[in-house]
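**Student:** Sending over my_file_32.csv (CSV, N, CA and C atoms).
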chain,number,residue,atom,x,y,z
A,1,MET,N,-26.1,-3.1,15.3
A,1,MET,CA,-25.4,-2.4,14.4
A,1,MET,C,-25.3,-3.2,13.1
A,2,PRO,N,-25.6,-2.6,11.9
A,2,PRO,CA,-25.5,-3.4,10.7
A,2,PRO,C,-24.0,-3.6,10.4
A,3,GLY,N,-23.8,-4.7,9.7
A,3,GLY,CA,-22.4,-5.1,9.4
A,3,GLY,C,-21.8,-4.2,8.3
A,4,ILE,N,-20.5,-4.1,8.3
A,4,ILE,CA,-19.8,-3.4,7.2
A,4,ILE,C,-19.2,-4.4,6.2
A,5,VAL,N,-19.5,-4.2,5.0
A,5,VAL,CA,-18.9,-5.0,3.9
A,5,VAL,C,-18.0,-4.2,3.1
A,6,VAL,N,-16.8,-4.7,2.9
A,6,VAL,CA,-15.8,-4.0,2.0
A,6,VAL,C,-15.8,-4.8,0.7
A,7,ILE,N,-16.1,-4.2,-0.4
A,7,ILE,CA,-16.1,-4.9,-1.7
A,7,ILE,C,-14.7,-4.7,-2.3
A,8,GLY,N,-14.0,-5.8,-2.5
A,8,GLY,CA,-12.7,-5.8,-3.2
A,8,GLY,C,-11.6,-6.0,-2.2
A,9,ALA,N,-10.7,-6.9,-2.6
A,9,ALA,CA,-9.6,-7.3,-1.7
A,9,ALA,C,-8.2,-6.8,-2.3
A,10,GLY,N,-8.3,-5.7,-3.1
A,10,GLY,CA,-7.0,-5.2,-3.6
A,10,GLY,C,-6.4,-4.3,-2.5
A,11,PRO,N,-5.4,-3.6,-2.8
A,11,PRO,CA,-4.8,-2.7,-1.7
A,11,PRO,C,-5.7,-1.7,-1.1
A,12,THR,N,-6.6,-1.1,-1.8
A,12,THR,CA,-7.6,-0.2,-1.2
A,12,THR,C,-8.5,-0.8,-0.3
A,13,GLY,N,-9.2,-1.9,-0.7
A,13,GLY,CA,-10.2,-2.6,0.1
A,13,GLY,C,-9.5,-3.2,1.4
A,14,LEU,N,-8.3,-3.8,1.2
A,14,LEU,CA,-7.7,-4.4,2.4
A,14,LEU,C,-7.2,-3.3,3.4
A,15,THR,N,-6.8,-2.1,2.8
A,15,THR,CA,-6.4,-1.0,3.7
A,15,THR,C,-7.6,-0.5,4.5
A,16,VAL,N,-8.7,-0.4,3.8
A,16,VAL,CA,-10.0,0.1,4.5
A,16,VAL,C,-10.3,-0.9,5.6
A,17,ALA,N,-10.3,-2.2,5.3
A,17,ALA,CA,-10.6,-3.2,6.3
A,17,ALA,C,-9.7,-3.2,7.5
A,18,CYS,N,-8.4,-3.0,7.2
A,18,CYS,CA,-7.4,-2.9,8.3
A,18,CYS,C,-7.7,-1.6,9.2
A,19,GLU,N,-8.0,-0.5,8.6
A,19,GLU,CA,-8.4,0.7,9.3
A,19,GLU,C,-9.7,0.5,10.1
A,20,LEU,N,-10.7,-0.1,9.5
A,20,LEU,CA,-11.9,-0.4,10.3
A,20,LEU,C,-11.6,-1.3,11.5
A,21,HIS,N,-10.9,-2.3,11.3
A,21,HIS,CA,-10.6,-3.2,12.5
A,21,HIS,C,-9.7,-2.5,13.5
A,22,ARG,N,-8.8,-1.6,13.1
A,22,ARG,CA,-8.0,-0.8,14.0
A,22,ARG,C,-8.9,0.1,14.9
A,23,ARG,N,-10.0,0.5,14.3
A,23,ARG,CA,-10.9,1.4,15.0
A,23,ARG,C,-12.0,0.6,15.7
A,24,GLY,N,-11.9,-0.7,15.8
A,24,GLY,CA,-12.8,-1.5,16.5
A,24,GLY,C,-14.1,-1.8,15.7
A,25,LEU,N,-14.1,-1.7,14.4
A,25,LEU,CA,-15.3,-1.9,13.6
A,25,LEU,C,-15.1,-3.1,12.8
A,26,PRO,N,-15.6,-4.2,13.2
A,26,PRO,CA,-15.5,-5.4,12.4
A,26,PRO,C,-16.1,-5.3,11.0
A,27,CYS,N,-15.5,-6.0,10.0
A,27,CYS,CA,-16.1,-5.9,8.7
A,27,CYS,C,-15.8,-7.3,8.0
A,28,ARG,N,-16.5,-7.4,6.8
A,28,ARG,CA,-16.3,-8.6,6.0
A,28,ARG,C,-15.8,-8.1,4.6
A,29,VAL,N,-14.7,-8.7,4.1
A,29,VAL,CA,-14.2,-8.4,2.8
A,29,VAL,C,-14.7,-9.4,1.8
A,30,VAL,N,-15.3,-8.9,0.7
A,30,VAL,CA,-15.8,-9.7,-0.3
A,30,VAL,C,-15.0,-9.4,-1.6
A,31,ALA,N,-14.6,-10.5,-2.3
A,31,ALA,CA,-13.8,-10.2,-3.5
A,31,ALA,C,-14.0,-11.4,-4.5
A,32,GLN,N,-13.8,-11.1,-5.7
A,32,GLN,CA,-13.9,-12.1,-6.8
A,32,GLN,C,-12.8,-13.2,-6.7
A,33,SER,N,-11.6,-12.7,-6.4
A,33,SER,CA,-10.5,-13.6,-6.3
A,33,SER,C,-10.4,-14.3,-5.0
A,34,SER,N,-9.6,-15.3,-4.9
A,34,SER,CA,-9.4,-16.0,-3.6
A,34,SER,C,-8.1,-15.7,-2.9
A,35,GLY,N,-7.4,-14.8,-3.5
A,35,GLY,CA,-6.1,-14.4,-2.8
A,35,GLY,C,-5.5,-13.2,-3.6
A,36,PRO,N,-4.2,-12.9,-3.2
A,36,PRO,CA,-3.6,-11.7,-3.8
A,36,PRO,C,-3.4,-11.9,-5.3
A,37,THR,N,-3.4,-10.8,-6.0
A,37,THR,CA,-3.3,-10.9,-7.5
A,37,THR,C,-1.9,-11.5,-7.8
A,38,LYS,N,-1.9,-12.2,-8.9
A,38,LYS,CA,-0.6,-12.7,-9.4
A,38,LYS,C,0.0,-11.7,-10.4
A,39,ASN,N,-0.8,-10.8,-10.9
A,39,ASN,CA,-0.4,-9.8,-11.9
A,39,ASN,C,-0.5,-8.4,-11.2
A,40,SER,N,0.6,-7.8,-11.0
A,40,SER,CA,0.6,-6.5,-10.3
A,40,SER,C,0.1,-5.4,-11.3
A,41,ARG,N,-0.8,-4.6,-10.8
A,41,ARG,CA,-1.2,-3.4,-11.5
A,41,ARG,C,-0.6,-2.1,-10.9
A,42,ALA,N,0.2,-2.3,-9.9
A,42,ALA,CA,0.9,-1.2,-9.3
A,42,ALA,C,2.3,-1.6,-8.9
A,43,LEU,N,3.2,-0.7,-9.0
A,43,LEU,CA,4.6,-1.1,-8.8
A,43,LEU,C,5.1,-0.6,-7.4
A,44,GLY,N,4.5,0.3,-6.8
A,44,GLY,CA,5.1,0.8,-5.6
A,44,GLY,C,4.1,1.8,-4.9
A,45,MET,N,4.7,2.5,-3.9
A,45,MET,CA,3.9,3.5,-3.1
A,45,MET,C,4.7,4.7,-2.7
A,46,PHE,N,4.0,5.7,-2.5
A,46,PHE,CA,4.6,7.0,-2.1
A,46,PHE,C,4.4,7.2,-0.6
A,47,THR,N,4.9,8.3,-0.1
A,47,THR,CA,4.9,8.5,1.4
A,47,THR,C,3.6,8.5,2.0
A,48,ARG,N,2.5,9.0,1.4
A,48,ARG,CA,1.2,9.0,2.1
A,48,ARG,C,0.7,7.6,2.3
A,49,SER,N,0.9,6.7,1.4
A,49,SER,CA,0.5,5.3,1.5
A,49,SER,C,1.3,4.7,2.7
A,50,LEU,N,2.6,5.0,2.8
A,50,LEU,CA,3.3,4.4,3.9
A,50,LEU,C,2.9,5.0,5.3
A,51,GLU,N,2.4,6.3,5.3
A,51,GLU,CA,1.9,6.9,6.5
A,51,GLU,C,0.6,6.2,6.9
A,52,VAL,N,-0.2,5.8,6.0
A,52,VAL,CA,-1.5,5.1,6.3
A,52,VAL,C,-1.1,3.7,6.8
A,53,LEU,N,-0.2,3.0,6.2
A,53,LEU,CA,0.2,1.7,6.7
A,53,LEU,C,0.8,1.8,8.1
A,54,HIS,N,1.5,2.9,8.3
A,54,HIS,CA,2.1,3.1,9.7
A,54,HIS,C,1.0,3.1,10.7
A,55,GLY,N,-0.2,3.7,10.4
A,55,GLY,CA,-1.3,3.8,11.3
A,55,GLY,C,-1.7,2.5,11.9
A,56,PHE,N,-1.6,1.4,11.2
A,56,PHE,CA,-2.0,0.1,11.7
A,56,PHE,C,-0.8,-0.9,11.7
A,57,GLY,N,0.4,-0.3,11.8
A,57,GLY,CA,1.6,-1.1,12.1
A,57,GLY,C,2.2,-1.9,10.9
A,58,ALA,N,1.9,-1.5,9.7
A,58,ALA,CA,2.4,-2.3,8.5
A,58,ALA,C,3.5,-1.6,7.7
A,59,ALA,N,3.8,-0.4,8.0
A,59,ALA,CA,4.8,0.3,7.2
A,59,ALA,C,6.2,-0.3,7.3
A,60,ASP,N,6.6,-0.6,8.4
A,60,ASP,CA,8.0,-1.2,8.6
A,60,ASP,C,8.1,-2.5,7.8
A,61,GLU,N,7.1,-3.3,7.8
A,61,GLU,CA,7.1,-4.6,7.0
A,61,GLU,C,7.1,-4.3,5.5
A,62,ALA,N,6.3,-3.3,5.1
A,62,ALA,CA,6.3,-3.0,3.7
A,62,ALA,C,7.7,-2.5,3.2
A,63,ILE,N,8.3,-1.7,4.1
A,63,ILE,CA,9.7,-1.2,3.7
A,63,ILE,C,10.7,-2.4,3.7
A,64,ALA,N,10.5,-3.3,4.6
A,64,ALA,CA,11.4,-4.5,4.7
A,64,ALA,C,11.3,-5.3,3.4
A,65,ARG,N,10.0,-5.4,2.9
A,65,ARG,CA,9.8,-6.3,1.7
A,65,ARG,C,10.1,-5.6,0.4
A,66,GLY,N,10.1,-4.3,0.4
A,66,GLY,CA,10.2,-3.5,-0.8
A,66,GLY,C,11.6,-3.0,-1.0
A,67,HIS,N,11.8,-2.2,-2.0
A,67,HIS,CA,13.1,-1.6,-2.3
A,67,HIS,C,12.9,-0.1,-2.4
A,68,PRO,N,13.6,0.6,-1.5
A,68,PRO,CA,13.5,2.1,-1.5
A,68,PRO,C,14.1,2.7,-2.8
A,69,ILE,N,13.5,3.7,-3.3
A,69,ILE,CA,13.9,4.4,-4.5
A,69,ILE,C,14.4,5.8,-4.1
A,70,GLU,N,15.6,6.1,-4.5
A,70,GLU,CA,16.2,7.4,-4.1
A,70,GLU,C,15.8,8.4,-5.2
A,71,VAL,N,15.9,8.0,-6.5
A,71,VAL,CA,15.6,8.9,-7.6
A,71,VAL,C,14.8,8.2,-8.6
A,72,GLY,N,14.0,8.9,-9.4
A,72,GLY,CA,13.2,8.3,-10.5
A,72,GLY,C,12.9,9.3,-11.5
A,73,SER,N,12.6,8.8,-12.7
A,73,SER,CA,12.3,9.6,-13.8
A,73,SER,C,10.9,9.3,-14.3
A,74,ILE,N,10.1,10.2,-14.8
A,74,ILE,CA,8.8,10.0,-15.3
A,74,ILE,C,8.9,10.3,-16.8
A,75,TYR,N,8.4,9.3,-17.6
A,75,TYR,CA,8.4,9.4,-19.1
A,75,TYR,C,7.0,9.4,-19.6
A,76,SER,N,6.9,10.1,-20.7
A,76,SER,CA,5.7,10.0,-21.6
A,76,SER,C,6.1,9.6,-22.9
A,77,GLY,N,5.8,8.3,-23.3
A,77,GLY,CA,6.4,7.8,-24.5
A,77,GLY,C,7.9,7.6,-24.3
A,78,HIS,N,8.7,8.2,-25.2
A,78,HIS,CA,10.1,8.1,-25.0
A,78,HIS,C,10.7,9.4,-24.5
A,79,ARG,N,9.9,10.3,-24.0
A,79,ARG,CA,10.4,11.6,-23.6
A,79,ARG,C,10.3,11.7,-22.1
A,80,ARG,N,11.4,12.1,-21.4
A,80,ARG,CA,11.4,12.3,-20.0
A,80,ARG,C,10.7,13.6,-19.7
A,81,VAL,N,9.7,13.6,-18.8
A,81,VAL,CA,8.8,14.8,-18.6
A,81,VAL,C,9.0,15.2,-17.1
A,82,GLY,N,9.7,14.5,-16.3
A,82,GLY,CA,9.8,14.9,-14.9
A,82,GLY,C,10.7,13.9,-14.1
A,83,GLY,N,10.9,14.3,-12.9
A,83,GLY,CA,11.7,13.4,-12.0
A,83,GLY,C,11.3,13.5,-10.6
A,84,LEU,N,11.7,12.5,-9.8
A,84,LEU,CA,11.4,12.4,-8.4
A,84,LEU,C,12.7,12.1,-7.6
A,85,THR,N,12.8,12.7,-6.4
A,85,THR,CA,13.9,12.4,-5.5
A,85,THR,C,13.3,12.2,-4.1
A,86,ALA,N,13.8,11.2,-3.4
A,86,ALA,CA,13.3,11.0,-2.0
A,86,ALA,C,13.8,12.1,-1.1
A,87,ALA,N,15.0,12.7,-1.5
A,87,ALA,CA,15.5,13.8,-0.7
A,87,ALA,C,14.6,15.0,-0.7
A,88,SER,N,13.7,15.2,-1.7
A,88,SER,CA,12.8,16.3,-1.7
A,88,SER,C,11.5,16.1,-0.9
A,89,LEU,N,11.4,14.9,-0.3
A,89,LEU,CA,10.2,14.6,0.5
A,89,LEU,C,10.4,15.1,1.9
A,90,VAL,N,9.7,16.2,2.3
A,90,VAL,CA,9.8,16.8,3.6
A,90,VAL,C,8.4,16.8,4.2
A,91,GLY,N,8.3,16.8,5.6
A,91,GLY,CA,7.1,16.9,6.3
A,91,GLY,C,6.4,15.6,6.4
A,92,THR,N,7.1,14.5,6.3
A,92,THR,CA,6.6,13.2,6.4
A,92,THR,C,7.5,12.3,7.3
A,93,ARG,N,7.0,11.4,8.0
A,93,ARG,CA,7.8,10.5,8.8
A,93,ARG,C,8.4,9.4,8.0
A,94,ARG,N,7.8,9.2,6.8
A,94,ARG,CA,8.2,8.1,5.9
A,94,ARG,C,8.7,8.7,4.5
A,95,ALA,N,9.8,9.4,4.6
A,95,ALA,CA,10.3,10.1,3.4
A,95,ALA,C,11.0,9.1,2.5
A,96,THR,N,10.2,8.3,1.8
A,96,THR,CA,10.8,7.3,0.9
A,96,THR,C,9.8,7.0,-0.2
A,97,LEU,N,10.3,6.7,-1.4
A,97,LEU,CA,9.5,6.1,-2.4
A,97,LEU,C,9.8,4.6,-2.4
A,98,LEU,N,8.8,3.8,-2.5
A,98,LEU,CA,9.0,2.4,-2.3
A,98,LEU,C,8.5,1.6,-3.4
A,99,CYS,N,9.4,0.7,-4.0
A,99,CYS,CA,9.0,-0.2,-5.0
A,99,CYS,C,8.6,-1.5,-4.3
A,100,LEU,N,7.3,-1.8,-4.5
A,100,LEU,CA,6.7,-3.0,-3.9
A,100,LEU,C,5.6,-3.5,-4.8
A,101,PRO,N,5.7,-4.7,-5.4
A,101,PRO,CA,4.7,-5.1,-6.3
A,101,PRO,C,3.3,-5.2,-5.6
A,102,GLN,N,2.3,-5.0,-6.3
A,102,GLN,CA,0.9,-5.1,-5.7
A,102,GLN,C,0.6,-6.4,-5.1
A,103,SER,N,1.1,-7.5,-5.6
A,103,SER,CA,0.9,-8.8,-5.0
A,103,SER,C,1.5,-8.9,-3.6
A,104,GLU,N,2.7,-8.3,-3.4
A,104,GLU,CA,3.3,-8.2,-2.1
A,104,GLU,C,2.5,-7.3,-1.1
A,105,THR,N,2.0,-6.2,-1.7
A,105,THR,CA,1.3,-5.3,-0.9
A,105,THR,C,0.0,-6.0,-0.4
A,106,GLU,N,-0.7,-6.7,-1.3
A,106,GLU,CA,-1.9,-7.4,-0.9
A,106,GLU,C,-1.7,-8.5,0.1
A,107,ALA,N,-0.6,-9.2,-0.1
A,107,ALA,CA,-0.2,-10.3,0.9
A,107,ALA,C,0.1,-9.7,2.3
A,108,LEU,N,0.8,-8.6,2.3
A,108,LEU,CA,1.1,-7.9,3.6
A,108,LEU,C,-0.1,-7.4,4.3
A,109,LEU,N,-1.0,-6.8,3.5
A,109,LEU,CA,-2.3,-6.3,4.1
A,109,LEU,C,-3.2,-7.4,4.6
A,110,GLU,N,-3.2,-8.5,3.8
A,110,GLU,CA,-4.0,-9.6,4.3
A,110,GLU,C,-3.5,-10.3,5.6
A,111,GLU,N,-2.2,-10.4,5.6
A,111,GLU,CA,-1.5,-10.9,6.9
A,111,GLU,C,-1.9,-10.0,8.0
A,112,ARG,N,-1.8,-8.7,7.8
A,112,ARG,CA,-2.0,-7.7,8.9
A,112,ARG,C,-3.5,-7.8,9.3
A,113,LEU,N,-4.4,-7.9,8.4
A,113,LEU,CA,-5.8,-8.0,8.7
A,113,LEU,C,-6.1,-9.3,9.5
A,114,ASN,N,-5.5,-10.4,9.1
A,114,ASN,CA,-5.7,-11.6,9.9
A,114,ASN,C,-5.1,-11.6,11.3
A,115,ALA,N,-4.0,-10.8,11.4
A,115,ALA,CA,-3.4,-10.7,12.8
A,115,ALA,C,-4.3,-9.9,13.7
Represent the structure of the file as structure tokens.
**Tutor:**
Amino acid sequence: MPGIVVIGAGPTGLTVACELHRRGLPCRVVAQSSGPTKNSRALGMFTRSLEVLHGFGAADEAIARGHPIEVGSIYSGHRRVGGLTAASLVGTRRATLLCLPQSETEALLEERLNA
């Protein structure tokens, strides 16, 4: 069987690698950097991301490292254009919005992959 190569060790690449390993498919992760980013490009995650992390046992650790958000506002420039509430999230086992810097997400995923 040819090897699987995952290009990029950001949250997406590491999540793909964790899912592949969970399904018994070994892979190699190739990235430009040697570790988690020091500059976050993402601030948090929504319910679907937590559900994916739950699939390979990392959701509880993400929640423990992050900060749940109950309500939030969305702005465009200086104008409020919308809002979010965790209470409105139904049909998911992880009904939370989570503030977790990308660097922490990458470190958590790398730890999970190595485990």
**Student:** Please check which residues have atoms at most 8 Å from (2.1, 1.8, -7.0) in the file's coordinates, counting all atoms listed in the file, and write them as a list in words.
**Tutor:**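 Here is the list of nearby residues: Arg41, Ala42, Leu43, Gly44, Met45, Phe46, Leu98, Cys99, Leu100, Pro101 and Gln102 of chain A.
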**Student:** Can you tell me, as a PyMOL selection string, what residues are no more than 10 Å from Glu110 (chain A) when counting only C-alpha atoms, ignoring any on the same chain fewer than 3 positions away?
**Tutor:** chain A and resi 9-11+14-15+17-18+35-36+104-107+113-115
**Student:** With a distance cut-off of 8 Å and all atoms listed in the file, select the neighbouring residues of Leu97 (chain A), excluding the residue or stretch itself and same-chain residues fewer than 2 positions from it, and output the selection as JSON, numbers by chain.
**Tutor:** {"A": [44, 45, 46, 47, 66, 67, 68, 69, 70, 71, 85, 86, 87, 94, 95, 99, 100]}
**Student:** Using only N, CA and C atoms, please write the residues we just selected to a file, as an mmCIF file, in the frame of the given file.
**Tutor:**
data_model
loop_
_atom_site.group_PDB
_atom_site.id
_atom_site.type_symbol
_atom_site.label_atom_id
_atom_site.label_comp_id
_atom_site.auth_asym_id
_atom_site.auth_seq_id
_atom_site.Cartn_x
_atom_site.Cartn_y
_atom_site.Cartn_z
ATOM 1 N N GLY A 44 4.500 0.300 -6.800
ATOM 2 C CA GLY A 44 5.100 0.800 -5.600
ATOM 3 C C GLY A 44 4.100 1.800 -4.900
ATOM 4 N N MET A 45 4.700 2.500 -3.900
ATOM 5 C CA MET A 45 3.900 3.500 -3.100
ATOM 6 C C MET A 45 4.700 4.700 -2.700
ATOM 7 N N PHE A 46 4.000 5.700 -2.500
ATOM 8 C CA PHE A 46 4.600 7.000 -2.100
ATOM 9 C C PHE A 46 4.400 7.200 -0.600
ATOM 10 N N THR A 47 4.900 8.300 -0.100
ATOM 11 C CA THR A 47 4.900 8.500 1.400
ATOM 12 C C THR A 47 3.600 8.500 2.000
ATOM 13 N N GLY A 66 10.100 -4.300 0.400
ATOM 14 C CA GLY A 66 10.200 -3.500 -0.800
ATOM 15 C C GLY A 66 11.600 -3.000 -1.000
ATOM 16 N N HIS A 67 11.800 -2.200 -2.000
ATOM 17 C CA HIS A 67 13.100 -1.600 -2.300
ATOM 18 C C HIS A 67 12.900 -0.100 -2.400
ATOM 19 N N PRO A 68 13.600 0.600 -1.500
ATOM 20 C CA PRO A 68 13.500 2.100 -1.500
ATOM 21 C C PRO A 68 14.100 2.700 -2.800
ATOM 22 N N ILE A 69 13.500 3.700 -3.300
ATOM 23 C CA ILE A 69 13.900 4.400 -4.500
ATOM 24 C C ILE A 69 14.400 5.800 -4.100
ATOM 25 N N GLU A 70 15.600 6.100 -4.500
ATOM 26 C CA GLU A 70 16.200 7.400 -4.100
ATOM 27 C C GLU A 70 15.800 8.400 -5.200
ATOM 28 N N VAL A 71 15.900 8.000 -6.500
ATOM 29 C CA VAL A 71 15.600 8.900 -7.600
ATOM 30 C C VAL A 71 14.800 8.200 -8.600
ATOM 31 N N THR A 85 12.800 12.700 -6.400
ATOM 32 C CA THR A 85 13.900 12.400 -5.500
ATOM 33 C C THR A 85 13.300 12.200 -4.100
ATOM 34 N N ALA A 86 13.800 11.200 -3.400
ATOM 35 C CA ALA A 86 13.300 11.000 -2.000
ATOM 36 C C ALA A 86 13.800 12.100 -1.100
ATOM 37 N N ALA A 87 15.000 12.700 -1.500
ATOM 38 C CA ALA A 87 15.500 13.800 -0.700
ATOM 39 C C ALA A 87 14.600 15.000 -0.700
ATOM 40 N N ARG A 94 7.800 9.200 6.800
ATOM 41 C CA ARG A 94 8.200 8.100 5.900
ATOM 42 C C ARG A 94 8.700 8.700 4.500
ATOM 43 N N ALA A 95 9.800 9.400 4.600
ATOM 44 C CA ALA A 95 10.300 10.100 3.400
ATOM 45 C C ALA A 95 11.000 9.100 2.500
ATOM 46 N N CYS A 99 9.400 0.700 -4.000
ATOM 47 C CA CYS A 99 9.000 -0.200 -5.000
ATOM 48 C C CYS A 99 8.600 -1.500 -4.300
ATOM 49 N N LEU A 100 7.300 -1.800 -4.500
ATOM 50 C CA LEU A 100 6.700 -3.000 -3.900
ATOM 51 C C LEU A 100 5.600 -3.500 -4.800
#
**Student:** Please report the interatomic distance between atom N of Ser76 (chain A) and atom N of Ser103 (chain A) in Å with one decimal.
**Tutor:** 23.9 Å
**Student:** So which residues of chain A fall under helix (DSSP H, G or I) by DSSP, listed as a PyMOL selection string?
**Tutor:** chain A and resi 11-22+47-55+59-65+86-88+102-114
**Student:** For the structure I just gave you, how does DSSP split chain A - specifically, which residues are strand (DSSP E or B)? Reply as a list of chain:residue names.
**Tutor:**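 Here are the strand (DSSP E or B) residues of chain A: A:Ile4, A:Val5, A:Val6, A:Ile7, A:Cys27, A:Arg28, A:Val29, A:Val30, A:Gly44, A:Met45, A:His67, A:Pro68, A:Ile69, A:Val71, A:Gly72, A:Ser73, A:Ile74, A:Tyr75, A:Ser76, A:Arg79, A:Arg80, A:Val81, A:Gly82, A:Gly83, A:Leu84, A:Thr85, A:Leu97, A:Leu98, A:Cys99.
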**Student:** For the residues in the current selection, export N, CA and C atoms as a short mmCIF file (atom, residue, chain, number, x, y, z; two decimals), in the coordinates of the input.
**Tutor:**
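This is the output file result.cif:
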data_model
loop_
_atom_site.label_atom_id
_atom_site.label_comp_id
_atom_site.auth_asym_id
_atom_site.auth_seq_id
_atom_site.Cartn_x
_atom_site.Cartn_y
_atom_site.Cartn_z
N ILE A 4 -20.50 -4.10 8.30
CA ILE A 4 -19.80 -3.40 7.20
C ILE A 4 -19.20 -4.40 6.20
N VAL A 5 -19.50 -4.20 5.00
CA VAL A 5 -18.90 -5.00 3.90
C VAL A 5 -18.00 -4.20 3.10
N VAL A 6 -16.80 -4.70 2.90
CA VAL A 6 -15.80 -4.00 2.00
C VAL A 6 -15.80 -4.80 0.70
N ILE A 7 -16.10 -4.20 -0.40
CA ILE A 7 -16.10 -4.90 -1.70
C ILE A 7 -14.70 -4.70 -2.30
N CYS A 27 -15.50 -6.00 10.00
CA CYS A 27 -16.10 -5.90 8.70
C CYS A 27 -15.80 -7.30 8.00
N ARG A 28 -16.50 -7.40 6.80
CA ARG A 28 -16.30 -8.60 6.00
C ARG A 28 -15.80 -8.10 4.60
N VAL A 29 -14.70 -8.70 4.10
CA VAL A 29 -14.20 -8.40 2.80
C VAL A 29 -14.70 -9.40 1.80
N VAL A 30 -15.30 -8.90 0.70
CA VAL A 30 -15.80 -9.70 -0.30
C VAL A 30 -15.00 -9.40 -1.60
N GLY A 44 4.50 0.30 -6.80
CA GLY A 44 5.10 0.80 -5.60
C GLY A 44 4.10 1.80 -4.90
N MET A 45 4.70 2.50 -3.90
CA MET A 45 3.90 3.50 -3.10
C MET A 45 4.70 4.70 -2.70
N HIS A 67 11.80 -2.20 -2.00
CA HIS A 67 13.10 -1.60 -2.30
C HIS A 67 12.90 -0.10 -2.40
N PRO A 68 13.60 0.60 -1.50
CA PRO A 68 13.50 2.10 -1.50
C PRO A 68 14.10 2.70 -2.80
N ILE A 69 13.50 3.70 -3.30
CA ILE A 69 13.90 4.40 -4.50
C ILE A 69 14.40 5.80 -4.10
N VAL A 71 15.90 8.00 -6.50
CA VAL A 71 15.60 8.90 -7.60
C VAL A 71 14.80 8.20 -8.60
N GLY A 72 14.00 8.90 -9.40
CA GLY A 72 13.20 8.30 -10.50
C GLY A 72 12.90 9.30 -11.50
N SER A 73 12.60 8.80 -12.70
CA SER A 73 12.30 9.60 -13.80
C SER A 73 10.90 9.30 -14.30
N ILE A 74 10.10 10.20 -14.80
CA ILE A 74 8.80 10.00 -15.30
C ILE A 74 8.90 10.30 -16.80
N TYR A 75 8.40 9.30 -17.60
CA TYR A 75 8.40 9.40 -19.10
C TYR A 75 7.00 9.40 -19.60
N SER A 76 6.90 10.10 -20.70
CA SER A 76 5.70 10.00 -21.60
C SER A 76 6.10 9.60 -22.90
N ARG A 79 9.90 10.30 -24.00
CA ARG A 79 10.40 11.60 -23.60
C ARG A 79 10.30 11.70 -22.10
N ARG A 80 11.40 12.10 -21.40
CA ARG A 80 11.40 12.30 -20.00
C ARG A 80 10.70 13.60 -19.70
N VAL A 81 9.70 13.60 -18.80
CA VAL A 81 8.80 14.80 -18.60
C VAL A 81 9.00 15.20 -17.10
N GLY A 82 9.70 14.50 -16.30
CA GLY A 82 9.80 14.90 -14.90
C GLY A 82 10.70 13.90 -14.10
N GLY A 83 10.90 14.30 -12.90
CA GLY A 83 11.70 13.40 -12.00
C GLY A 83 11.30 13.50 -10.60
N LEU A 84 11.70 12.50 -9.80
CA LEU A 84 11.40 12.40 -8.40
C LEU A 84 12.70 12.10 -7.60
N THR A 85 12.80 12.70 -6.40
CA THR A 85 13.90 12.40 -5.50
C THR A 85 13.30 12.20 -4.10
N LEU A 97 10.30 6.70 -1.40
CA LEU A 97 9.50 6.10 -2.40
C LEU A 97 9.80 4.60 -2.40
N LEU A 98 8.80 3.80 -2.50
CA LEU A 98 9.00 2.40 -2.30
C LEU A 98 8.50 1.60 -3.40
N CYS A 99 9.40 0.70 -4.00
CA CYS A 99 9.00 -0.20 -5.00
C CYS A 99 8.60 -1.50 -4.30
#
**Student:** Please indicate the distance in Å from atom N of Glu61 (chain A) to atom N of Leu25 (chain A), rounded to one decimal place.
**Tutor:**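 Computed distance, atom N of Glu61 (chain A) to atom N of Leu25 (chain A), equals 22.3 Å.
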**Student:** Report, in Å with one decimal, the straight-line distance from CA of Val30 (chain A) to atom C of Ser49 (chain A).
**Tutor:** 22.6 Å
**Student:** Here is a test: counting only C-alpha atoms, which residue of A:Leu53, A:Ile63, A:Val81, A:Ile74 is nearest to Arg112 (chain A)?
**Tutor:**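 The shortest atom-to-atom distance to Arg112 (chain A) comes from A:Leu53.
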**Student:** From the list A:Ala58, A:Gly91, A:His78, A:Ser33, which residue is nearest Leu108 (chain A) when using only N, CA and C atoms?
**Tutor:**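 The shortest atom-to-atom distance to Leu108 (chain A) comes from A:Ala58.
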**Student:** Could you check which of A:Ile7, A:Thr12, A:Arg48, A:His54 is closest to Ala31 (chain A), using all atoms listed in the file?
**Tutor:**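 The answer is A:Ile7, which sits nearest to Ala31 (chain A).
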**Student:** Can you work out which one of A:Val16, A:Val6, A:Ala59, A:Val29 has the shortest atom-to-atom distance to Arg93 (chain A), counting only C-alpha atoms?
**Tutor:** A:Ala59
